[in-house]
Structure formats: structure tokens, C-alpha cells
$ cat target.pdb   # PDB, C-alpha atoms and all ligand atoms
ATOM      1  CA  MET A 147     146.677 114.998-111.324
ATOM      2  CA  LYS A 148     146.394 115.205-115.090
ATOM      3  CA  VAL A 149     147.919 118.689-115.166
ATOM      4  CA  ARG A 150     150.888 117.500-113.119
ATOM      5  CA  LYS A 151     151.461 114.662-115.588
ATOM      6  CA  VAL A 152     151.312 117.039-118.568
ATOM      7  CA  VAL A 153     153.793 119.456-116.962
ATOM      8  CA  LYS A 154     156.133 116.590-116.085
ATOM      9  CA  GLU A 155     156.030 115.165-119.623
ATOM     10  CA  ALA A 156     156.552 118.610-121.155
ATOM     11  CA  SER A 157     159.487 119.449-118.889
ATOM     12  CA  LYS A 158     161.195 116.177-119.698
ATOM     13  CA  ALA A 159     160.680 116.643-123.452
ATOM     14  CA  TRP A 160     161.928 120.253-123.311
ATOM     15  CA  LEU A 161     165.107 119.304-121.441
ATOM     16  CA  THR A 162     165.693 116.396-123.827
ATOM     17  CA  ALA A 163     165.322 118.702-126.850
ATOM     18  CA  LYS A 164     167.842 121.181-125.402
ATOM     19  CA  ALA A 165     170.342 118.444-124.566
ATOM     20  CA  GLN A 166     170.054 116.847-128.001
ATOM     21  CA  ARG A 167     170.577 120.141-129.790
ATOM     22  CA  MET A 168     173.752 120.710-127.761
ATOM     23  CA  ARG A 169     175.024 117.206-128.373
ATOM     24  CA  TRP A 170     174.211 116.753-132.069
ATOM     25  CA  GLY A 171     174.239 120.291-133.488
ATOM     26  CA  ALA A 172     173.779 120.176-137.259
ATOM     27  CA  GLN A 173     173.263 116.417-137.241
ATOM     28  CA  ARG A 174     169.523 116.656-137.095
ATOM     29  CA  TRP A 175     166.448 116.031-139.212
ATOM     30  CA  THR A 176     163.602 118.538-139.297
ATOM     31  CA  VAL A 177     160.238 117.390-140.659
ATOM     32  CA  LEU A 178     157.615 119.983-141.563
ATOM     33  CA  CYS A 179     153.881 119.277-141.263
ATOM     34  CA  LEU A 180     152.075 121.343-143.912
ATOM     35  CA  HIS A 181     148.473 121.613-145.055
ATOM     36  CA  ASP A 182     146.708 123.913-147.502
ATOM     37  CA  VAL A 183     148.880 126.316-149.476
ATOM     38  CA  GLY A 184     147.256 129.574-150.543
ATOM     39  CA  ASP A 185     149.965 131.306-152.521
ATOM     40  CA  PRO A 186     152.459 129.356-154.662
ATOM     41  CA  ALA A 187     154.889 132.296-154.576
ATOM     42  CA  GLU A 188     154.961 132.006-150.792
ATOM     43  CA  PHE A 189     155.638 128.287-151.056
ATOM     44  CA  GLU A 190     158.423 128.962-153.586
ATOM     45  CA  GLU A 191     159.967 131.401-151.113
ATOM     46  CA  LEU A 192     159.777 128.779-148.379
ATOM     47  CA  ILE A 193     161.545 126.218-150.551
ATOM     48  CA  ALA A 194     164.268 128.709-151.515
ATOM     49  CA  GLY A 195     164.728 129.550-147.818
ATOM     50  CA  VAL A 196     164.997 126.012-146.508
ATOM     51  CA  ARG A 197     167.286 124.916-149.356
ATOM     52  CA  LYS A 198     169.933 127.347-148.145
ATOM     53  CA  ARG A 199     169.999 125.735-144.716
ATOM     54  CA  PHE A 200     168.979 122.116-145.267
ATOM     55  CA  ARG A 201     169.445 119.128-147.482
ATOM     56  CA  ILE A 202     165.868 118.135-148.425
ATOM     57  CA  VAL A 203     165.338 114.372-148.365
ATOM     58  CA  PRO A 204     162.395 111.946-148.740
ATOM     59  CA  LEU A 205     160.639 111.011-145.485
ATOM     60  CA  SER A 206     161.633 107.370-145.980
ATOM     61  CA  GLU A 207     165.322 108.346-146.191
ATOM     62  CA  GLY A 208     165.596 110.793-143.305
ATOM     63  CA  ARG A 209     166.240 108.379-140.472
ATOM     64  CA  ARG A 210     168.717 106.281-142.457
ATOM     65  CA  LEU A 211     170.732 109.320-143.537
ATOM     66  CA  LEU A 212     170.689 110.677-140.002
ATOM     67  CA  GLU A 213     172.190 107.457-138.676
ATOM     68  CA  ALA A 214     174.629 107.094-141.588
ATOM     69  CA  GLY A 215     177.057 109.738-140.350
ATOM     70  CA  ARG A 216     177.585 113.436-140.112
ATOM     71  CA  PRO A 217     175.819 115.179-143.000
ATOM     72  CA  ASP A 218     177.330 118.507-144.056
ATOM     73  CA  ARG A 219     173.977 120.221-143.521
ATOM     74  CA  PRO A 220     170.931 119.417-141.376
ATOM     75  CA  LEU A 221     168.285 117.313-143.139
ATOM     76  CA  LEU A 222     164.702 118.362-143.808
ATOM     77  CA  SER A 223     161.615 116.550-145.138
ATOM     78  CA  LEU A 224     158.280 117.961-146.297
ATOM     79  CA  THR A 225     154.987 116.295-145.384
ATOM     80  CA  PHE A 226     151.466 117.445-146.271
ATOM     81  CA  ASP A 227     148.488 116.229-144.228
ATOM     82  CA  ASP A 228     144.943 115.687-145.553
ATOM     83  CA  ALA A 229     145.790 115.908-149.306
ATOM     84  CA  ASP A 230     144.299 119.343-149.923
ATOM     85  CA  LYS A 231     143.762 120.070-153.617
ATOM     86  CA  SER A 232     146.013 123.118-153.389
ATOM     87  CA  VAL A 233     148.951 120.765-152.780
ATOM     88  CA  TRP A 234     148.309 119.274-156.207
ATOM     89  CA  SER A 235     147.537 122.512-158.035
ATOM     90  CA  LYS A 236     149.995 124.899-156.350
ATOM     91  CA  CYS A 237     152.790 122.911-154.672
ATOM     92  CA  VAL A 238     153.511 120.200-157.207
ATOM     93  CA  PRO A 239     154.776 122.611-159.921
ATOM     94  CA  VAL A 240     157.151 124.155-157.344
ATOM     95  CA  LEU A 241     158.274 120.764-156.057
ATOM     96  CA  ARG A 242     158.921 119.532-159.597
ATOM     97  CA  SER A 243     160.831 122.572-160.790
ATOM     98  CA  ASN A 244     163.047 122.392-157.709
ATOM     99  CA  ASN A 245     163.326 118.584-157.708
ATOM    100  CA  ILE A 246     162.119 118.390-154.094
ATOM    101  CA  PRO A 247     160.640 115.183-152.553
ATOM    102  CA  ALA A 248     157.508 115.196-150.362
ATOM    103  CA  CYS A 249     155.108 112.828-148.608
ATOM    104  CA  LEU A 250     151.319 113.191-148.569
ATOM    105  CA  PHE A 251     149.224 111.824-145.672
ATOM    106  CA  VAL A 252     145.824 110.843-147.017
ATOM    107  CA  CYS A 253     142.553 110.330-145.147
ATOM    108  CA  THR A 254     140.546 108.046-147.438
ATOM    109  CA  ASN A 255     137.068 109.319-146.484
ATOM    110  CA  TYR A 256     138.144 112.876-147.338
ATOM    111  CA  VAL A 257     139.095 111.675-150.826
ATOM    112  CA  GLU A 258     135.724 109.946-151.230
ATOM    113  CA  ALA A 259     133.885 113.092-150.080
ATOM    114  CA  GLY A 260     136.061 115.468-152.124
ATOM    115  CA  PHE A 261     136.444 117.922-149.253
ATOM    116  CA  ARG A 262     137.147 118.337-145.548
ATOM    117  CA  ASP A 263     135.506 120.790-143.185
ATOM    118  CA  VAL A 264     137.550 122.509-140.484
ATOM    119  CA  SER A 265     137.049 125.549-138.270
ATOM    120  CA  THR A 266     138.550 127.782-140.969
ATOM    121  CA  GLY A 267     136.116 126.538-143.625
ATOM    122  CA  ARG A 268     135.844 123.921-146.338
ATOM    123  CA  HIS A 269     138.961 122.664-148.130
ATOM    124  CA  GLU A 270     138.782 120.744-151.397
ATOM    125  CA  VAL A 271     140.689 117.447-151.311
ATOM    126  CA  MET A 272     142.555 115.681-154.140
ATOM    127  CA  ASP A 273     140.660 112.950-155.993
ATOM    128  CA  TRP A 274     141.949 109.452-156.795
ATOM    129  CA  ASP A 275     143.201 110.458-160.266
ATOM    130  CA  GLU A 276     145.223 113.317-158.786
ATOM    131  CA  LEU A 277     146.597 111.018-156.100
ATOM    132  CA  ARG A 278     147.636 108.535-158.782
ATOM    133  CA  GLY A 279     149.324 111.451-160.550
ATOM    134  CA  TRP A 280     151.154 112.289-157.298
ATOM    135  CA  VAL A 281     152.433 108.712-157.023
ATOM    136  CA  ALA A 282     153.384 108.603-160.727
ATOM    137  CA  LEU A 283     155.625 111.636-160.148
ATOM    138  CA  GLY A 284     157.544 109.623-157.570
ATOM    139  CA  TYR A 285     156.253 111.277-154.392
ATOM    140  CA  GLU A 286     155.450 109.277-151.258
ATOM    141  CA  VAL A 287     152.032 108.570-149.738
ATOM    142  CA  GLY A 288     151.252 107.811-146.101
ATOM    143  CA  SER A 289     148.113 106.672-144.350
ATOM    144  CA  HIS A 290     146.129 109.111-142.195
ATOM    145  CA  THR A 291     143.152 106.904-141.142
ATOM    146  CA  VAL A 292     139.827 106.285-142.891
ATOM    147  CA  SER A 293     137.739 108.846-140.991
ATOM    148  CA  HIS A 294     140.229 111.333-139.450
ATOM    149  CA  ILE A 295     139.016 110.661-135.921
ATOM    150  CA  PRO A 296     140.897 111.361-132.675
ATOM    151  CA  LEU A 297     142.477 107.965-131.980
ATOM    152  CA  ASN A 298     142.971 108.691-128.287
ATOM    153  CA  GLN A 299     139.179 108.696-127.921
ATOM    154  CA  ALA A 300     138.401 105.618-130.047
ATOM    155  CA  THR A 301     138.606 102.018-128.873
ATOM    156  CA  VAL A 302     141.898 100.286-129.649
ATOM    157  CA  GLU A 303     140.104  97.971-132.086
ATOM    158  CA  ARG A 304     138.648 100.949-133.940
ATOM    159  CA  GLY A 305     142.069 102.596-133.985
ATOM    160  CA  LYS A 306     143.707  99.521-135.499
ATOM    161  CA  TRP A 307     140.967  99.305-138.105
ATOM    162  CA  GLU A 308     141.333 103.000-139.034
ATOM    163  CA  ILE A 309     145.075 102.584-139.565
ATOM    164  CA  LEU A 310     145.144  99.273-141.432
ATOM    165  CA  GLU A 311     142.033  99.786-143.509
ATOM    166  CA  SER A 312     143.254 103.185-144.747
ATOM    167  CA  ARG A 313     146.567 101.593-145.713
ATOM    168  CA  ARG A 314     144.777  98.773-147.548
ATOM    169  CA  ILE A 315     142.552 101.181-149.497
ATOM    170  CA  LEU A 316     145.482 103.432-150.463
ATOM    171  CA  GLN A 317     147.610 100.543-151.640
ATOM    172  CA  GLU A 318     144.748  99.112-153.666
ATOM    173  CA  ARG A 319     143.617 102.400-155.244
ATOM    174  CA  LEU A 320     147.078 103.858-155.856
ATOM    175  CA  ASN A 321     149.004 100.677-156.527
ATOM    176  CA  CYS A 322     151.917 101.726-154.324
ATOM    177  CA  GLU A 323     153.450 100.661-151.045
ATOM    178  CA  VAL A 324     152.346 102.654-147.976
ATOM    179  CA  ARG A 325     154.960 102.590-145.205
ATOM    180  CA  HIS A 326     154.190 105.818-143.319
ATOM    181  CA  PHE A 327     151.408 106.789-140.944
ATOM    182  CA  ALA A 328     150.439 110.106-139.315
ATOM    183  CA  TYR A 329     148.055 110.416-136.357
ATOM    184  CA  PRO A 330     145.176 112.839-137.061
ATOM    185  CA  TRP A 331     145.883 115.958-134.923
ATOM    186  CA  GLY A 332     148.672 113.917-133.325
ATOM    187  CA  TYR A 333     146.260 112.148-130.941
ATOM    188  CA  TYR A 334     147.072 108.623-129.782
ATOM    189  CA  THR A 335     147.174 106.366-126.753
ATOM    190  CA  ASP A 336     150.199 104.422-125.531
ATOM    191  CA  GLN A 337     148.314 101.165-126.033
ATOM    192  CA  LEU A 338     147.591 101.867-129.704
ATOM    193  CA  ASP A 339     151.054 103.277-130.289
ATOM    194  CA  ASN A 340     152.787 100.247-128.742
ATOM    195  CA  TRP A 341     150.839  98.025-131.115
ATOM    196  CA  LEU A 342     151.663 100.207-134.150
ATOM    197  CA  GLN A 343     155.370 100.324-133.293
ATOM    198  CA  ALA A 344     155.372  96.528-133.735
ATOM    199  CA  VAL A 345     153.474  96.438-137.053
ATOM    200  CA  GLU A 346     156.212  95.709-139.552
ATOM    201  CA  SER A 347     154.435  97.178-142.552
ATOM    202  CA  PHE A 348     154.890 100.695-141.143
ATOM    203  CA  ALA A 349     158.368 102.262-141.169
ATOM    204  CA  THR A 350     157.493 105.624-139.625
ATOM    205  CA  ILE A 351     154.788 106.970-137.315
ATOM    206  CA  CYS A 352     154.488 110.725-137.641
ATOM    207  CA  VAL A 353     153.459 112.821-134.647
ATOM    208  CA  THR A 354     153.041 116.565-134.236
ATOM    209  CA  ILE A 355     155.520 117.244-131.453
ATOM    210  CA  PRO A 356     157.468 120.329-132.612
ATOM    211  CA  CYS A 357     160.993 118.931-132.140
ATOM    212  CA  ASP A 358     163.825 117.971-134.459
ATOM    213  CA  ASN A 359     164.836 114.316-134.884
ATOM    214  CA  TYR A 360     168.295 113.134-133.845
ATOM    215  CA  PRO A 361     170.331 109.931-134.259
ATOM    216  CA  GLY A 362     169.855 107.037-131.879
ATOM    217  CA  SER A 363     166.050 106.809-131.855
ATOM    218  CA  HIS A 364     164.719 103.315-131.243
ATOM    219  CA  SER A 365     161.163 104.357-131.973
ATOM    220  CA  LYS A 366     159.364 104.773-135.296
ATOM    221  CA  HIS A 367     158.158 108.204-134.188
ATOM    222  CA  VAL A 368     159.029 111.115-136.425
ATOM    223  CA  TYR A 369     158.569 114.501-134.760
ATOM    224  CA  ARG A 370     157.068 117.105-137.074
ATOM    225  CA  LYS A 371     156.859 120.878-136.860
ATOM    226  CA  PRO A 372     153.720 122.608-138.076
ATOM    227  CA  TRP A 373     154.514 125.256-140.662
ATOM    228  CA  GLY A 374     153.476 128.878-140.223
ATOM    229  CA  LEU A 375     152.187 130.908-143.142
ATOM    230  CA  ASN A 376     155.437 132.085-144.658
ATOM    231  CA  TYR A 377     159.182 131.790-144.478
ATOM    232  CA  THR A 378     159.460 134.456-141.787
ATOM    233  CA  ASP A 379     157.158 132.375-139.593
ATOM    234  CA  LEU A 380     159.097 129.290-140.514
ATOM    235  CA  ARG A 381     162.264 130.736-139.007
ATOM    236  CA  THR A 382     160.435 130.635-135.689
ATOM    237  CA  VAL A 383     159.277 127.084-136.292
ATOM    238  CA  LEU A 384     162.803 125.946-137.129
ATOM    239  CA  ARG A 385     164.267 126.782-133.747
ATOM    240  CA  GLU A 386     163.888 124.399-130.830
ATOM    241  CA  PRO A 387     160.467 124.505-129.147
ATOM    242  CA  SER A 388     159.760 126.683-126.153
ATOM    243  CA  TRP A 389     158.654 125.157-122.876
ATOM    244  CA  TYR A 390     155.147 126.452-123.594
ATOM    245  CA  GLU A 391     155.082 124.606-126.922
ATOM    246  CA  MET A 392     156.120 121.421-125.171
ATOM    247  CA  VAL A 393     153.276 121.813-122.669
ATOM    248  CA  ARG A 394     150.901 122.173-125.601
ATOM    249  CA  SER A 395     152.365 119.055-127.234
ATOM    250  CA  ALA A 396     152.006 116.988-124.089
ATOM    251  CA  HIS A 397     148.526 118.361-123.691
ATOM    252  CA  HIS A 398     147.815 117.435-127.285
ATOM    253  CA  ARG A 399     147.955 113.767-126.375
ATOM    254  CA  SER A 400     145.769 114.007-123.311
ATOM    255  CA  VAL A 401     142.046 113.778-122.785
ATOM    256  CA  LEU A 402     141.934 117.546-122.193
ATOM    257  CA  ASN A 403     142.672 118.316-125.783
ATOM    258  CA  GLY A 404     139.873 120.431-127.105
ATOM    259  CA  LEU A 405     136.634 120.124-128.971
ATOM    260  CA  ALA A 406     137.404 117.713-131.796
ATOM    261  CA  PRO A 407     137.248 114.494-129.752
ATOM    262  CA  VAL A 408     134.179 115.627-127.852
ATOM    263  CA  LEU A 409     132.334 116.485-131.059
ATOM    264  CA  TRP A 410     133.333 113.195-132.602
ATOM    265  CA  ARG A 411     132.008 111.209-129.653
ATOM    266  CA  MET A 412     128.738 113.100-129.847
ATOM    267  CA  SER A 413     128.308 112.750-133.613
ATOM    268  CA  ASP A 414     129.868 109.452-134.693
ATOM    269  CA  GLY A 415     131.631 107.158-132.294
ATOM    270  CA  GLY A 416     131.514 103.954-134.267
ATOM    271  CA  VAL A 417     132.071 101.995-137.389
ATOM    272  CA  PRO A 418     129.440  99.370-138.276
ATOM    273  CA  ASP A 419     130.232  96.152-136.415
ATOM    274  CA  GLN A 420     130.371  94.070-139.570
ATOM    275  CA  GLU A 421     133.160  96.261-140.960
ATOM    276  CA  LEU A 422     135.247  95.815-137.832
ATOM    277  CA  ALA A 423     134.562  92.078-137.802
ATOM    278  CA  ALA A 424     135.503  91.757-141.459
ATOM    279  CA  SER A 425     138.791  93.488-140.795
ATOM    280  CA  SER A 426     139.653  91.755-137.518
ATOM    281  CA  SER A 427     142.283  89.598-139.251
ATOM    282  CA  VAL A 428     143.726  92.796-140.691
ATOM    283  CA  ALA A 429     143.675  94.456-137.278
ATOM    284  CA  SER A 430     145.769  91.665-135.816
ATOM    285  CA  GLY A 431     148.683  93.322-137.584
ATOM    286  CA  LYS A 432     149.549  90.479-139.940
ATOM    287  CA  ARG A 433     149.273  92.646-143.053
TER     288      ARG A 433
HETATM  289 ZN    ZN B 501     144.913 115.511-140.708
END

$ encode --input "target.pdb" --output "C-alpha cells" --more "lines below"
Ligand SMILES: [Zn+2]
Amino acid sequence: MKVRKVVKEASKAWLTAKAQRMRWGAQRWTVLCLHDVGDPAEFEELIAGVRKRFRIVPLSEGRRLLEAGRPDRPLLSLTFDDADKSVWSKCVPVLRSNNIPACLFVCTNYVEAGFRDVSTGRHEVMDWDELRGWVALGYEVGSHTVSHIPLNQATVERGKWEILESRRILQERLNCEVRHFAYPWGYYTDQLDNWLQAVESFATICVTIPCDNYPGSHSKHVYRKPWGLNYTDLRTVLREPSWYEMVRSAHHRSVLNGLAPVLWRMSDGGVPDQELAASSSVASGKR
């Protein structure tokens, strides 16, 4: 039953992507989802490569420019998830020398801990001073939850708290407006997403479905493509997704999506009740 639903969703998304590419051609907006960067020279090569093909714009401007009329070149935005320290030490000099905008999605507990652990090992994460430096340079910041949990496995109340509390902390600590959100691993439920679409304080909701964005969207969703390791890989990422990739994307949202949610349910599962109660007015979406 579940498999049939995933295949149906993926087929529909694949056909839609093909039809949109045919209809809109160059009038599209590609958003890259990046993480840790090992080699600044590789990142420099990536920037040089995409600049030839795209006009690079801030995340907050992409949708508006897309709707504003036919741009001479396709648009592209850079986003970095999880605020790895290498973004600060290796990417920022390249971004600055090329005058390229970018948005950083920050998980507040990672900043407090100073690191994040993933299957590939431990990654150092930017501290508050570095994040303030990022903002001072004019780059954007988005919220990425407090605890980086799979929101399709959490209660809706916990999900709302993760989203709004992370935004509150970021705005307070960085003294900037936070208008973007990205789902950790791209996991969400329709119920949570319907609520978030209506929360006025968020302008975009970033997901990890590997499609381009086209004019005429009535949703806050921004599709993002994960970046490979170098520009040669990126060429593959920049084309429209294969049917297999769409199956994986549809699967990504489902309950069959791998170990992370299972491990989280076994190891954590909850925020102290008093914290949720204290933030219930926040979770109503009024802020
Ligand atoms: Zn993340």
C-alpha cells in the first residue's frame, strides 16, 4: 500500500518536472543544498562553473525574480545546511571575493554543542561569534530546528516547537530576521507542513526534492538539489531528476525512510513538558 503511494507520488512529480522544463526552459531557479566543504579550490571551481550558466541570487529573492519576468539566464541560489565550520573558514573567502550571496540553515543545538555527528564522522559547527560574523557580512540565516530531529516522526506540537523555538533563538542571538526554514533531512508530515505554510513569519520552506523551481508556485516550498563533491558531479545534479531520484524523494518523506528516525525514537523522543508548555503560545503561530 505504502509502496504504491510512493511510486504514484514519484511518477507524478517526475512527469511534472519534465513538463515544467519543456514549458519554462531557462526561466527556472535552481537551489543547491550544500554541507561541509573540504577543499576551497573545489568550491572555487564550482562557483566559476555555475556563474557561467546562472545568475546567482539570494534565497529570499529567487521566487520574486522568477515571477518578475523572463531572466536572461536561469537563476541559482546557494544554501548550506547545519552551519559546518568549514563553511565559515573555507567558503566565506570564496563567496566574498566573488560577491556571491548564500543562506545558512542553522540547528541551534549543534551550535551549542560545537559539533554534529553523522555516519561519516564528526563535523565541527560554527559558534555564535562566527554566525554573527556571517550575518554582519550580509548573508542570510534560516532556521533548521533546535535538535535536528526527523519531523515526520515527532508529534505535531513538538514539530511546531522545534521550528519556532529555533527561529526565536536565532533572532535573539544573531539580532537578525529569520524568514527561511529547512526540514532536517527533508522529513515532514502534511499536517505540520500545512500549518507552516500558514505561518506568516516564514517566507520559504526548503525541502530536499531534487527539482528546479518554476514560476506559478502557490506554495512556500523551495526544491533543493544536493550537491555532489565537485563541479563534474554538479553537472549531473543540475539536470532534471531521474525517475529513480523521484522515487527516493517520495520515499524520503515516508515512514520507510531509514535509520535516523528509528534511532531518534529509541534515544530521545521528547522535549521536557515544561519547555513545550512554555512555548505553546509560540507554537500557535502568532510569532
Ligand atoms: Zn541538516

$ closest_atom_pairs --input "target.pdb" --of "chain A" --to "ligand ZN 501 (chain B)" --cutoff "6 Å" --atoms "only C-alpha atoms and all ligand atoms" --output "CSV"
residue,atom,partner,partner_atom,distance
A:Asp227,CA,B:ZN501,ZN,5.1
A:Asp228,CA,B:ZN501,ZN,4.8
A:Pro330,CA,B:ZN501,ZN,4.5
A:Trp331,CA,B:ZN501,ZN,5.9

$ write_last_selection --input "target.pdb" --atoms "C-alpha atoms" --output "PDB file, keeping the file's coordinate frame"
ATOM      1  CA  ASP A 227     148.488 116.229-144.228  1.00  0.00           C
ATOM      2  CA  ASP A 228     144.943 115.687-145.553  1.00  0.00           C
ATOM      3  CA  PRO A 330     145.176 112.839-137.061  1.00  0.00           C
ATOM      4  CA  TRP A 331     145.883 115.958-134.923  1.00  0.00           C
TER       5      TRP A 331
END

$ closest_atom_pairs --input "target.pdb" --of "region 209-254 of chain A" --to "region 200-205 of chain A" --cutoff "9 Å" --atoms "all atoms listed in the file" --output "Markdown table"
| residue | atom | partner | partner_atom | distance |
| --- | --- | --- | --- | --- |
| A:Arg209 | CA | A:Leu205 | CA | 8.0 |
| A:Leu211 | CA | A:Val203 | CA | 8.8 |
| A:Pro217 | CA | A:Arg201 | CA | 8.7 |
| A:Asp218 | CA | A:Arg201 | CA | 8.6 |
| A:Arg219 | CA | A:Phe200 | CA | 5.6 |
| A:Pro220 | CA | A:Phe200 | CA | 5.1 |
| A:Leu221 | CA | A:Arg201 | CA | 4.8 |
| A:Leu222 | CA | A:Ile202 | CA | 4.8 |
| A:Ser223 | CA | A:Val203 | CA | 5.4 |
| A:Leu224 | CA | A:Leu205 | CA | 7.4 |
| A:Thr225 | CA | A:Leu205 | CA | 7.7 |
| A:Ile246 | CA | A:Ile202 | CA | 6.8 |
| A:Pro247 | CA | A:Pro204 | CA | 5.3 |
| A:Ala248 | CA | A:Pro204 | CA | 6.1 |
| A:Cys249 | CA | A:Leu205 | CA | 6.6 |

$ atom_distance --input "target.pdb" --atom1 "CA of Leu320 (chain A)" --atom2 "CA of Ile295 (chain A)"
22.6 Å

$ resolve_selection --input "target.pdb" --expression "the PyMOL selection byres (((chain A and resi 296-309) around 6) and not hetatm)" --output "compact mmCIF listing (two decimals) with C-alpha atoms, in the coordinates of the input"
# COMPACT_ATOMS: atom_id res chain seq x y z
CA THR A 291 143.15 106.90 -141.14
CA VAL A 292 139.83 106.28 -142.89
CA ILE A 295 139.02 110.66 -135.92
CA LEU A 310 145.14 99.27 -141.43
CA GLU A 311 142.03 99.79 -143.51
CA SER A 312 143.25 103.18 -144.75
CA TYR A 333 146.26 112.15 -130.94
CA TYR A 334 147.07 108.62 -129.78
CA THR A 335 147.17 106.37 -126.75
CA LEU A 338 147.59 101.87 -129.70
CA PRO A 407 137.25 114.49 -129.75
CA ALA A 429 143.68 94.46 -137.28

$ closest_residue --input "target.pdb" --among "A:Ser289, A:Thr354, A:Ser365, A:Thr266" --to "His326 (chain A)" --atoms "all atoms listed in the file"
A:Ser289

$ closest_residue --input "target.pdb" --among "A:His290, A:Arg319, A:Arg313, A:Arg210" --to "Val353 (chain A)" --atoms "all atoms listed in the file"
A:His290

$ residues_around --input "target.pdb" --residues "Glu323 (chain A)" --least-positions-apart "5" --cutoff "12 Å" --atoms "only C-alpha atoms" --output "MDAnalysis selection string"
chainID A and resid 206 281 284:289 313:318 347:349

$ closest_residue --input "target.pdb" --among "A:Asn245, A:Asn340, A:Ser232, A:Thr162" --to "Glu276 (chain A)" --atoms "only C-alpha atoms"
A:Ser232

$ atom_distance --input "target.pdb" --atom1 "CA of Trp280 (chain A)" --atom2 "CA of Thr254 (chain A)"
15.1 Å

$ residues_around --input "target.pdb" --residues "Arg216 (chain A)" --least-positions-apart "6" --cutoff "10 Å" --atoms "all atoms listed in the file" --output "PyMOL selection string"
chain A and resi 170+172-174+361

$ resolve_selection --input "target.pdb" --expression "the PyMOL selection byres (((chain A and resi 260) around 8) and not hetatm)" --output "list of chain:residue names"
A:Tyr256, A:Val257, A:Glu258, A:Ala259, A:Phe261, A:Arg262, A:Glu270, A:Val271, A:Met272, A:Asp273

$ atom_distance --input "target.pdb" --atom1 "CA of Leu250 (chain A)" --atom2 "CA of Ala229 (chain A)"
6.2 Å

$ residues_around --input "target.pdb" --residues "Val368 (chain A)" --least-positions-apart "3" --cutoff "8 Å" --atoms "all atoms listed in the file" --output "list in words"
Val177, Thr350, Ile351, Cys352, Val353 and Asn359 of chain A

$ resolve_selection --input "target.pdb" --expression "the PyMOL selection byres (((chain A and resi 193) around 9) and not hetatm)" --output "PyMOL selection string"
chain A and resi 188-192+194-198+240-241+244+246+377

$ closest_residue --input "target.pdb" --among "A:Ala344, A:Asp358, A:Trp175, A:Lys154" --to "Lys371 (chain A)" --atoms "only C-alpha atoms"
A:Asp358

$ decode --input "target.pdb" --residues "region 260-271 of chain A" --atoms "N, CA, C and O atoms" --output "short mmCIF file (atom, residue, chain, number, x, y, z; two decimals), in the first residue's frame"
data_model
loop_
_atom_site.label_atom_id
_atom_site.label_comp_id
_atom_site.auth_asym_id
_atom_site.auth_seq_id
_atom_site.Cartn_x
_atom_site.Cartn_y
_atom_site.Cartn_z
N GLY A 260 28.80 22.59 19.46
CA GLY A 260 30.06 22.85 18.75
C GLY A 260 30.38 21.81 17.69
O GLY A 260 31.40 21.91 17.00
N PHE A 261 29.53 20.81 17.56
CA PHE A 261 29.78 19.77 16.55
C PHE A 261 28.47 19.06 16.23
O PHE A 261 27.46 19.21 16.92
N ARG A 262 28.52 18.26 15.16
CA ARG A 262 27.43 17.33 14.85
C ARG A 262 28.05 16.01 14.43
O ARG A 262 29.09 15.99 13.77
N ASP A 263 27.41 14.93 14.83
CA ASP A 263 27.91 13.60 14.48
C ASP A 263 27.02 13.00 13.39
O ASP A 263 25.80 12.98 13.53
N VAL A 264 27.63 12.54 12.32
CA VAL A 264 26.88 11.85 11.27
C VAL A 264 27.63 10.57 10.92
O VAL A 264 28.71 10.30 11.46
N SER A 265 27.06 9.79 9.99
CA SER A 265 27.65 8.48 9.69
C SER A 265 29.09 8.62 9.17
O SER A 265 29.89 7.71 9.32
N THR A 266 29.40 9.77 8.56
CA THR A 266 30.74 9.95 8.02
C THR A 266 31.72 10.50 9.06
O THR A 266 32.89 10.73 8.75
N GLY A 267 31.25 10.74 10.28
CA GLY A 267 32.15 11.23 11.32
C GLY A 267 31.66 12.51 11.97
O GLY A 267 30.53 12.93 11.76
N ARG A 268 32.54 13.12 12.74
CA ARG A 268 32.19 14.34 13.47
C ARG A 268 32.54 15.58 12.65
O ARG A 268 33.65 15.66 12.11
N HIS A 269 31.61 16.53 12.58
CA HIS A 269 31.87 17.79 11.88
C HIS A 269 31.79 18.92 12.90
O HIS A 269 30.82 19.01 13.65
N GLU A 270 32.81 19.78 12.90
CA GLU A 270 32.75 20.96 13.76
C GLU A 270 31.72 21.94 13.20
O GLU A 270 31.58 22.08 11.98
N VAL A 271 31.02 22.64 14.11
CA VAL A 271 29.96 23.56 13.70
C VAL A 271 30.35 24.98 14.14
O VAL A 271 31.03 25.16 15.16
#
